[in-house]
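J.: Structure: final_13.tsv, TSV, C-alpha atoms.
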chain	number	residue	atom	x	y	z
A	1	MET	CA	76.77	93.68	206.00
A	2	ASN	CA	77.90	97.18	205.14
A	3	LYS	CA	77.07	99.02	201.99
A	4	ALA	CA	80.54	98.51	200.50
A	5	ARG	CA	80.21	94.72	200.56
A	6	ILE	CA	76.72	94.84	199.08
A	7	ALA	CA	77.98	96.98	196.21
A	8	LEU	CA	80.87	94.58	195.61
A	9	LEU	CA	78.54	91.57	195.49
A	10	LEU	CA	76.30	93.34	192.96
A	11	VAL	CA	79.29	94.05	190.72
A	12	LEU	CA	80.36	90.36	190.86
A	13	VAL	CA	76.81	89.15	190.03
A	14	ILE	CA	76.59	91.49	187.01
A	15	ALA	CA	80.04	90.42	185.78
A	16	LEU	CA	79.18	86.70	186.03
A	17	ALA	CA	75.90	87.25	184.15
A	18	GLY	CA	77.78	89.02	181.34
A	19	CYS	CA	80.27	86.15	180.99
A	20	ALA	CA	77.44	83.61	180.79
A	21	ALA	CA	75.78	85.64	178.03
A	22	ARG	CA	79.04	85.83	176.07
A	23	ARG	CA	79.58	82.07	176.33
A	24	SER	CA	76.22	81.28	174.71
A	25	PRO	CA	76.77	80.01	171.12
A	26	ALA	CA	75.92	82.46	168.38
A	27	PRO	CA	73.10	81.39	166.03
A	28	VAL	CA	74.29	79.81	162.71
A	29	VAL	CA	72.64	80.99	159.53
A	30	GLU	CA	73.12	78.92	156.34
A	31	ARG	CA	73.80	81.40	153.58
A	32	SER	CA	72.48	78.98	150.96
A	33	LYS	CA	69.10	79.12	152.68
A	34	ALA	CA	69.19	82.77	153.55
A	35	ARG	CA	67.96	83.84	150.10
A	36	PRO	CA	65.11	81.72	148.73
A	37	PRO	CA	65.05	81.25	144.94
A	38	ALA	CA	63.01	83.69	142.94
A	39	ALA	CA	59.46	82.56	142.56
A	40	ARG	CA	58.42	81.25	139.13
A	41	THR	CA	55.09	81.48	137.51
A	42	ALA	CA	53.08	78.36	138.30
A	43	GLY	CA	53.33	75.84	135.50
A	44	ALA	CA	56.02	77.79	133.57
A	45	PRO	CA	59.00	75.64	132.46
A	46	PRO	CA	62.57	76.80	133.25
A	47	PRO	CA	64.01	79.15	130.65
A	48	ALA	CA	65.85	77.44	127.77
A	49	SER	CA	67.90	78.66	124.84
A	50	ALA	CA	66.05	78.91	121.56
A	51	PRO	CA	66.76	75.91	119.28
A	52	GLN	CA	68.70	76.59	116.08
A	53	SER	CA	66.62	76.38	112.93
A	54	PRO	CA	67.43	73.35	110.73
A	55	ASP	CA	67.31	75.73	107.76
A	56	HIS	CA	70.23	77.77	109.07
A	57	TYR	CA	73.78	77.20	110.28
A	58	VAL	CA	75.95	79.39	112.52
A	59	VAL	CA	79.50	79.74	111.21
A	60	LYS	CA	82.22	78.38	113.53
A	61	ARG	CA	85.95	78.94	113.55
A	62	GLY	CA	87.65	77.00	110.74
A	63	ASP	CA	84.50	76.76	108.58
A	64	THR	CA	84.55	77.60	104.90
A	65	LEU	CA	81.64	77.96	102.53
A	66	TYR	CA	82.83	74.77	100.82
A	67	SER	CA	82.93	72.70	104.02
A	68	ILE	CA	79.52	74.00	105.12
A	69	ALA	CA	78.05	73.16	101.71
A	70	LEU	CA	79.49	69.64	101.79
A	71	ASP	CA	78.25	68.99	105.34
A	72	HIS	CA	74.72	70.02	104.30
A	73	GLY	CA	74.61	68.21	100.95
A	74	ALA	CA	74.50	71.44	98.94
A	75	ASP	CA	76.49	73.13	96.19
A	76	TYR	CA	78.58	76.03	97.47
A	77	ARG	CA	77.12	78.18	94.66
A	78	GLU	CA	73.68	77.54	96.12
A	79	LEU	CA	74.76	78.72	99.56
A	80	ALA	CA	76.32	81.84	98.08
A	81	GLN	CA	73.12	82.55	96.15
A	82	TRP	CA	70.73	81.85	99.05
A	83	ASN	CA	72.75	84.12	101.35
A	84	ARG	CA	73.63	86.79	98.76
A	85	LEU	CA	77.36	86.40	99.35
A	86	ASP	CA	79.49	88.46	97.00
A	87	ASP	CA	82.74	86.90	98.28
A	88	PRO	CA	82.33	83.24	99.34
A	89	THR	CA	85.79	83.28	100.97
A	90	ARG	CA	84.74	85.84	103.58
A	91	LEU	CA	82.73	84.37	106.43
A	92	GLN	CA	82.51	85.63	109.99
A	93	VAL	CA	82.33	83.48	113.12
A	94	GLY	CA	78.75	83.66	114.41
A	95	GLN	CA	77.33	84.52	110.99
A	96	GLN	CA	74.07	82.71	110.24
A	97	LEU	CA	73.76	81.08	106.83
A	98	ARG	CA	70.74	79.55	105.12
A	99	VAL	CA	71.59	75.94	104.19
A	100	THR	CA	68.25	74.92	102.62
A	101	PRO	CA	66.53	76.44	99.58
A	102	PRO	CA	64.23	79.41	100.23
A	103	ALA	CA	60.54	78.81	99.67
A	104	GLY	CA	59.77	78.17	96.02
A	105	GLN	CA	63.40	77.56	95.05
A	106	ALA	CA	64.84	74.11	94.38
A	107	GLN	CA	68.41	72.91	94.66
A	108	ILE	CA	70.62	72.63	91.61
A	109	GLY	CA	70.01	69.27	89.95
A	110	LEU	CA	72.12	67.11	87.70
A	111	VAL	CA	72.95	68.27	84.22
A	112	ARG	CA	70.82	66.09	81.96
A	113	THR	CA	71.96	65.26	78.46
A	114	PRO	CA	70.42	62.82	75.97
A	115	GLY	CA	71.73	59.33	76.67
A	116	ARG	CA	74.63	58.51	78.94
A	117	PRO	CA	77.52	60.97	79.45
A	118	GLU	CA	80.51	59.67	77.54
A	119	ALA	CA	83.80	59.05	79.33
A	120	ARG	CA	86.63	60.39	77.20
A	121	PRO	CA	89.86	58.52	78.06
A	122	LEU	CA	93.18	60.31	78.27
A	123	LYS	CA	95.68	59.91	75.47
A	124	GLY	CA	97.17	56.44	75.51
A	125	GLU	CA	94.39	54.93	77.63
A	126	GLU	CA	92.07	52.21	76.42
A	127	PRO	CA	88.50	53.46	75.88
A	128	ALA	CA	85.89	52.15	78.26
A	129	ARG	CA	83.84	49.30	76.84
A	130	PRO	CA	80.12	50.03	76.46
A	131	GLN	CA	77.91	48.16	78.88
A	132	ALA	CA	75.00	46.07	77.80
A	133	ALA	CA	71.58	47.61	78.24
A	134	ALA	CA	69.71	46.52	81.34
A	135	PRO	CA	66.21	47.11	82.72
A	136	ALA	CA	65.83	50.27	84.76
A	137	PRO	CA	66.68	49.51	88.43
A	138	ALA	CA	64.50	50.40	91.35
A	139	PRO	CA	64.86	54.02	92.58
A	140	ALA	CA	66.68	52.95	95.73
A	141	ALA	CA	69.37	51.24	93.63
A	142	ALA	CA	69.50	53.73	90.75
A	143	THR	CA	72.96	54.94	91.73
A	144	ALA	CA	75.35	52.02	91.40
A	145	PHE	CA	78.84	52.72	92.73
A	146	MET	CA	82.17	51.20	91.73
A	147	TRP	CA	85.53	51.36	93.49
A	148	PRO	CA	87.19	54.71	92.74
A	149	ALA	CA	90.73	53.32	92.95
A	150	LYS	CA	92.55	50.00	92.93
A	151	GLY	CA	94.39	49.47	96.17
A	152	ARG	CA	94.15	47.87	99.57
A	153	LEU	CA	91.92	49.35	102.24
A	154	LEU	CA	93.93	51.43	104.71
A	155	ALA	CA	91.15	52.71	106.97
A	156	GLU	CA	87.45	51.96	107.26
A	157	PHE	CA	84.51	54.28	107.89
A	158	ALA	CA	84.16	55.28	111.55
A	159	GLY	CA	81.66	58.14	111.75
A	160	PRO	CA	81.50	60.79	112.88
A	161	ARG	CA	85.28	60.97	113.29
A	162	ARG	CA	86.21	59.31	109.98
A	163	LYS	CA	83.56	60.04	107.36
A	164	GLY	CA	84.91	57.79	104.63
A	165	ILE	CA	87.51	55.17	103.76
A	166	ASP	CA	91.19	55.43	102.80
A	167	ILE	CA	92.49	53.48	99.80
A	168	ASP	CA	96.19	52.84	99.27
A	169	GLY	CA	97.88	53.78	96.02
A	170	ARG	CA	100.99	55.07	94.31
A	171	PRO	CA	101.37	58.69	93.20
A	172	GLY	CA	99.75	59.05	89.79
A	173	ASP	CA	97.47	56.00	90.04
A	174	PRO	CA	94.06	56.74	88.49
A	175	VAL	CA	91.07	57.92	90.51
A	176	VAL	CA	87.76	57.30	88.72
A	177	ALA	CA	84.21	58.52	89.27
A	178	ALA	CA	82.36	55.95	91.36
A	179	ALA	CA	79.11	56.76	89.50
A	180	ALA	CA	77.83	59.08	86.80
A	181	GLY	CA	77.12	62.61	87.92
A	182	ARG	CA	78.15	66.25	87.84
A	183	VAL	CA	81.28	67.79	89.37
A	184	THR	CA	80.18	70.37	91.93
A	185	TYR	CA	83.54	71.28	93.45
A	186	VAL	CA	87.24	71.18	92.60
A	187	GLY	CA	89.73	72.87	94.90
A	188	THR	CA	91.54	73.01	98.22
A	189	GLY	CA	88.97	74.92	100.25
A	190	ILE	CA	88.35	72.24	102.90
A	191	GLN	CA	91.05	71.89	105.53
A	192	GLY	CA	92.81	68.53	105.67
A	193	MET	CA	91.41	67.24	102.36
A	194	GLY	CA	94.08	68.49	99.96
A	195	LYS	CA	93.13	68.70	96.31
A	196	LEU	CA	89.48	67.70	96.35
A	197	VAL	CA	86.80	66.62	93.87
A	198	VAL	CA	83.11	66.45	94.80
A	199	ILE	CA	80.54	64.82	92.48
A	200	LYS	CA	76.76	64.96	92.80
A	201	HIS	CA	74.72	61.93	91.66
A	202	ASP	CA	71.10	60.86	91.35
A	203	ASN	CA	68.88	60.36	94.40
A	204	GLY	CA	70.76	62.90	96.52
A	205	TYR	CA	74.07	61.01	96.65
A	206	ILE	CA	77.42	62.81	96.76
A	207	THR	CA	80.91	61.32	96.42
A	208	VAL	CA	84.11	62.93	97.69
A	209	TYR	CA	87.68	62.24	96.45
A	210	ALA	CA	90.49	63.77	98.55
A	211	HIS	CA	94.32	64.09	98.65
A	212	ASN	CA	94.66	64.02	94.84
A	213	ARG	CA	97.91	64.93	93.08
A	214	ASP	CA	96.32	66.16	89.85
A	215	VAL	CA	92.67	66.83	89.05
A	216	LEU	CA	91.49	66.18	85.47
A	217	VAL	CA	87.93	67.54	85.59
A	218	LYS	CA	86.31	70.94	86.03
A	219	GLU	CA	83.35	72.16	88.01
A	220	GLN	CA	79.95	71.66	86.38
A	221	GLN	CA	81.39	68.93	84.12
A	222	ALA	CA	79.27	65.82	83.57
A	223	VAL	CA	81.25	62.61	84.19
A	224	ALA	CA	80.56	58.97	83.49
A	225	ARG	CA	80.90	56.03	85.85
A	226	GLY	CA	84.50	54.85	85.68
A	227	GLN	CA	85.83	58.03	84.08
A	228	LYS	CA	89.27	59.09	85.27
A	229	ILE	CA	88.86	62.31	87.25
A	230	ALA	CA	92.14	62.63	89.17
A	231	GLU	CA	95.39	60.97	90.18
A	232	ILE	CA	96.27	59.67	93.63
A	233	GLY	CA	98.49	61.98	95.64
A	234	SER	CA	99.43	62.99	99.16
A	235	THR	CA	98.16	66.58	99.38
A	236	ASP	CA	97.32	67.26	103.05
A	237	ALA	CA	98.11	63.61	103.84
A	238	GLU	CA	100.99	61.73	105.39
A	239	ARG	CA	101.23	59.28	102.48
A	240	PRO	CA	99.82	58.74	98.96
A	241	LYS	CA	96.22	57.58	99.29
A	242	LEU	CA	92.65	58.32	98.26
A	243	HIS	CA	90.18	59.37	100.92
A	244	PHE	CA	86.74	58.48	99.55
A	245	GLN	CA	83.32	59.37	100.94
A	246	ILE	CA	79.73	58.61	99.97
A	247	ARG	CA	77.09	60.94	101.38
A	248	LYS	CA	73.34	60.67	101.26
A	249	GLY	CA	72.45	64.34	101.32
A	250	ALA	CA	74.22	65.77	104.36
A	251	ALA	CA	74.86	62.42	106.08
A	252	PRO	CA	78.09	60.45	105.47
A	253	VAL	CA	77.42	56.74	105.00
A	254	ASP	CA	79.73	53.72	105.06
A	255	PRO	CA	81.06	53.32	101.48
A	256	LEU	CA	81.66	49.59	102.05
A	257	LEU	CA	77.89	49.11	102.21
A	258	TYR	CA	77.56	50.56	98.70
A	259	LEU	CA	80.68	49.32	96.91
A	260	PRO	CA	80.85	45.86	95.31
A	261	ARG	CA	82.76	43.23	97.25
A	262	THR	CA	86.21	42.52	95.87
In structure tokens, how does this file's structure come out?
T.:
Amino acid sequence: MNKARIALLLVLVIALAGCAARRSPAPVVERSKARPPAARTAGAPPPASAPQSPDHYVVKRGDTLYSIALDHGADYRELAQWNRLDDPTRLQVGQQLRVTPPAGQAQIGLVRTPGRPEARPLKGEEPARPQAAAPAPAPAAATAFMWPAKGRLLAEFAGPRRKGIDIDGRPGDPVVAAAAGRVTYVGTGIQGMGKLVVIKHDNGYITVYAHNRDVLVKEQQAVARGQKIAEIGSTDAERPKLHFQIRKGAAPVDPLLYLPRT
């Protein structure tokens, strides 16, 4: 075999070896496993966001000082005072507000006057008949509620979506205070509620009367059980009706559990 053939055979052997090397499958590397997770300190829990303090609330889009106060069972004047707000109508999204009294400061209580507050009827209305004296009820039942309007029930309580009941009525029908108390808010500062009245009662109860046509009471006024406070209307509503809520502090409760059966 001459040198030319030997050289040719060597070239063919090298070429075949190169092809075999190229046909070998390339190694597969899983990218998800290529970078191991960062090591954590032994026994340390995963990082978590700091819980929001129950004493504070972060303002969200659509909030007003009045809606925040109602949702936390407070008077909007209290919130303005606790947070040193010069203009209660100016809130910023993300702003943190104190919704409980600072240390050593109590919430505004009911206005106490000797005896029962007297309901003064409007001109042409029959005065309310005085009720017979009765033994003092137990604290849990100290606030006795009555129906705030005469009409059929349109919608029942379905929390948290529906926080009260809707009562049918004609425009101008009377709306009365469901229990004695003090008016803490009158206005239109809560979206979807129309002309609104809020009354604070004993034992931390609050009642809410929405969609009124006319309001007949003022803020800070003491009212008696059964006193006419407004007239049924359709402000911010699709039809004339009264939206009525009972709240125990910040929590809405089913009014049908507190109202007498008809």
J.: In terms of the shortest atom-to-atom distance over only C-alpha atoms, which of A:Gly226, A:Pro255, A:Gly164, A:Pro240 is closest to Gly151 of chain A?
T.: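 Of A:Gly226, A:Pro255, A:Gly164, A:Pro240, the one nearest Gly151 of chain A is A:Pro240, counting only C-alpha atoms.
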J.: Which distance in Å separates atom CA of Asp173 of chain A and atom CA of Arg152 of chain A, to one decimal?
T.: 13.0 Å
J.: Which neighbours of Val59 of chain A fall inside 7 Å, counting all atoms listed in the file, when residues of the same chain fewer than 3 positions from it are skipped, and could you give them as number ranges by chain?
T.: A: 63, 92-96
J.: Taking all atoms listed in the file into account, which of A:Asp75, A:Arg84, A:Val175, A:Pro260 comes nearest Glu219 of chain A?
T.: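 When distances to Glu219 of chain A are compared using all atoms listed in the file, the smallest one comes from A:Asp75.
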J.: Rounded to one decimal place, report the atom CA of Gly62 of chain A-atom CA of Gly192 of chain A distance in Å.
T.: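 Pair atom CA of Gly62 of chain A / atom CA of Gly192 of chain A returns 11.1 Å.
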J.: Please report the interatomic distance between atom CA of Thr184 of chain A and atom CA of Leu196 of chain A in Å with one decimal.
T.: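 These two atoms are separated by 10.6 Å.
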J.: Here is a test: counting only C-alpha atoms, which residue of A:Leu257, A:Ala69, A:Leu154, A:Ile232 is nearest to His211 of chain A?
T.: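 Nearest to His211 of chain A: A:Ile232.
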J.: Rank nothing, just name the residue among A:Ala224, A:Ala237, A:Leu91, A:Leu79 nearest to Arg61 of chain A, using all atoms listed in the file.
T.: A:Leu91
J.: Taking (95.1, 62.3, 89.3) as a centre in this file's frame and 12 Å as the limit, can you find every polymer residue with an atom that close, using only C-alpha atoms, and give them as a ChimeraX atom specification?
T.: /A:122,148-149,169-177,195-197,209-217,227-235,240-242
J.: Residues within 12 Å of (88.1, 50.5, 109.3), file coordinates, counting all atoms listed in the file: what are they? Give the list as a compact mmCIF listing (two decimals) with C-alpha atoms, in the coordinates of the input.
T.:
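Printed below is part-v5.txt as written:
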# COMPACT_ATOMS: atom_id res chain seq x y z
CA ARG A 152 94.15 47.87 99.57
CA LEU A 153 91.92 49.35 102.24
CA LEU A 154 93.93 51.43 104.71
CA ALA A 155 91.15 52.71 106.97
CA GLU A 156 87.45 51.96 107.26
CA PHE A 157 84.51 54.28 107.89
CA ALA A 158 84.16 55.28 111.55
CA GLY A 159 81.66 58.14 111.75
CA ARG A 161 85.28 60.97 113.29
CA ARG A 162 86.21 59.31 109.98
CA LYS A 163 83.56 60.04 107.36
CA GLY A 164 84.91 57.79 104.63
CA ILE A 165 87.51 55.17 103.76
CA ASP A 166 91.19 55.43 102.80
CA ILE A 167 92.49 53.48 99.80
CA ASP A 254 79.73 53.72 105.06
CA PRO A 255 81.06 53.32 101.48
CA LEU A 256 81.66 49.59 102.05
J.: Taking all atoms of segment 192-207 of chain A that the file lists and extending 3 Å past them on each side, where is the centre of the axis-aligned box and how long are its edges? Answer in Å to one decimal, as lines of an AutoDock Vina configuration file.
T.:
center_x = 81.5
center_y = 64.5
center_z = 98.5
size_x = 31.2
size_y = 14.3
size_z = 20.3
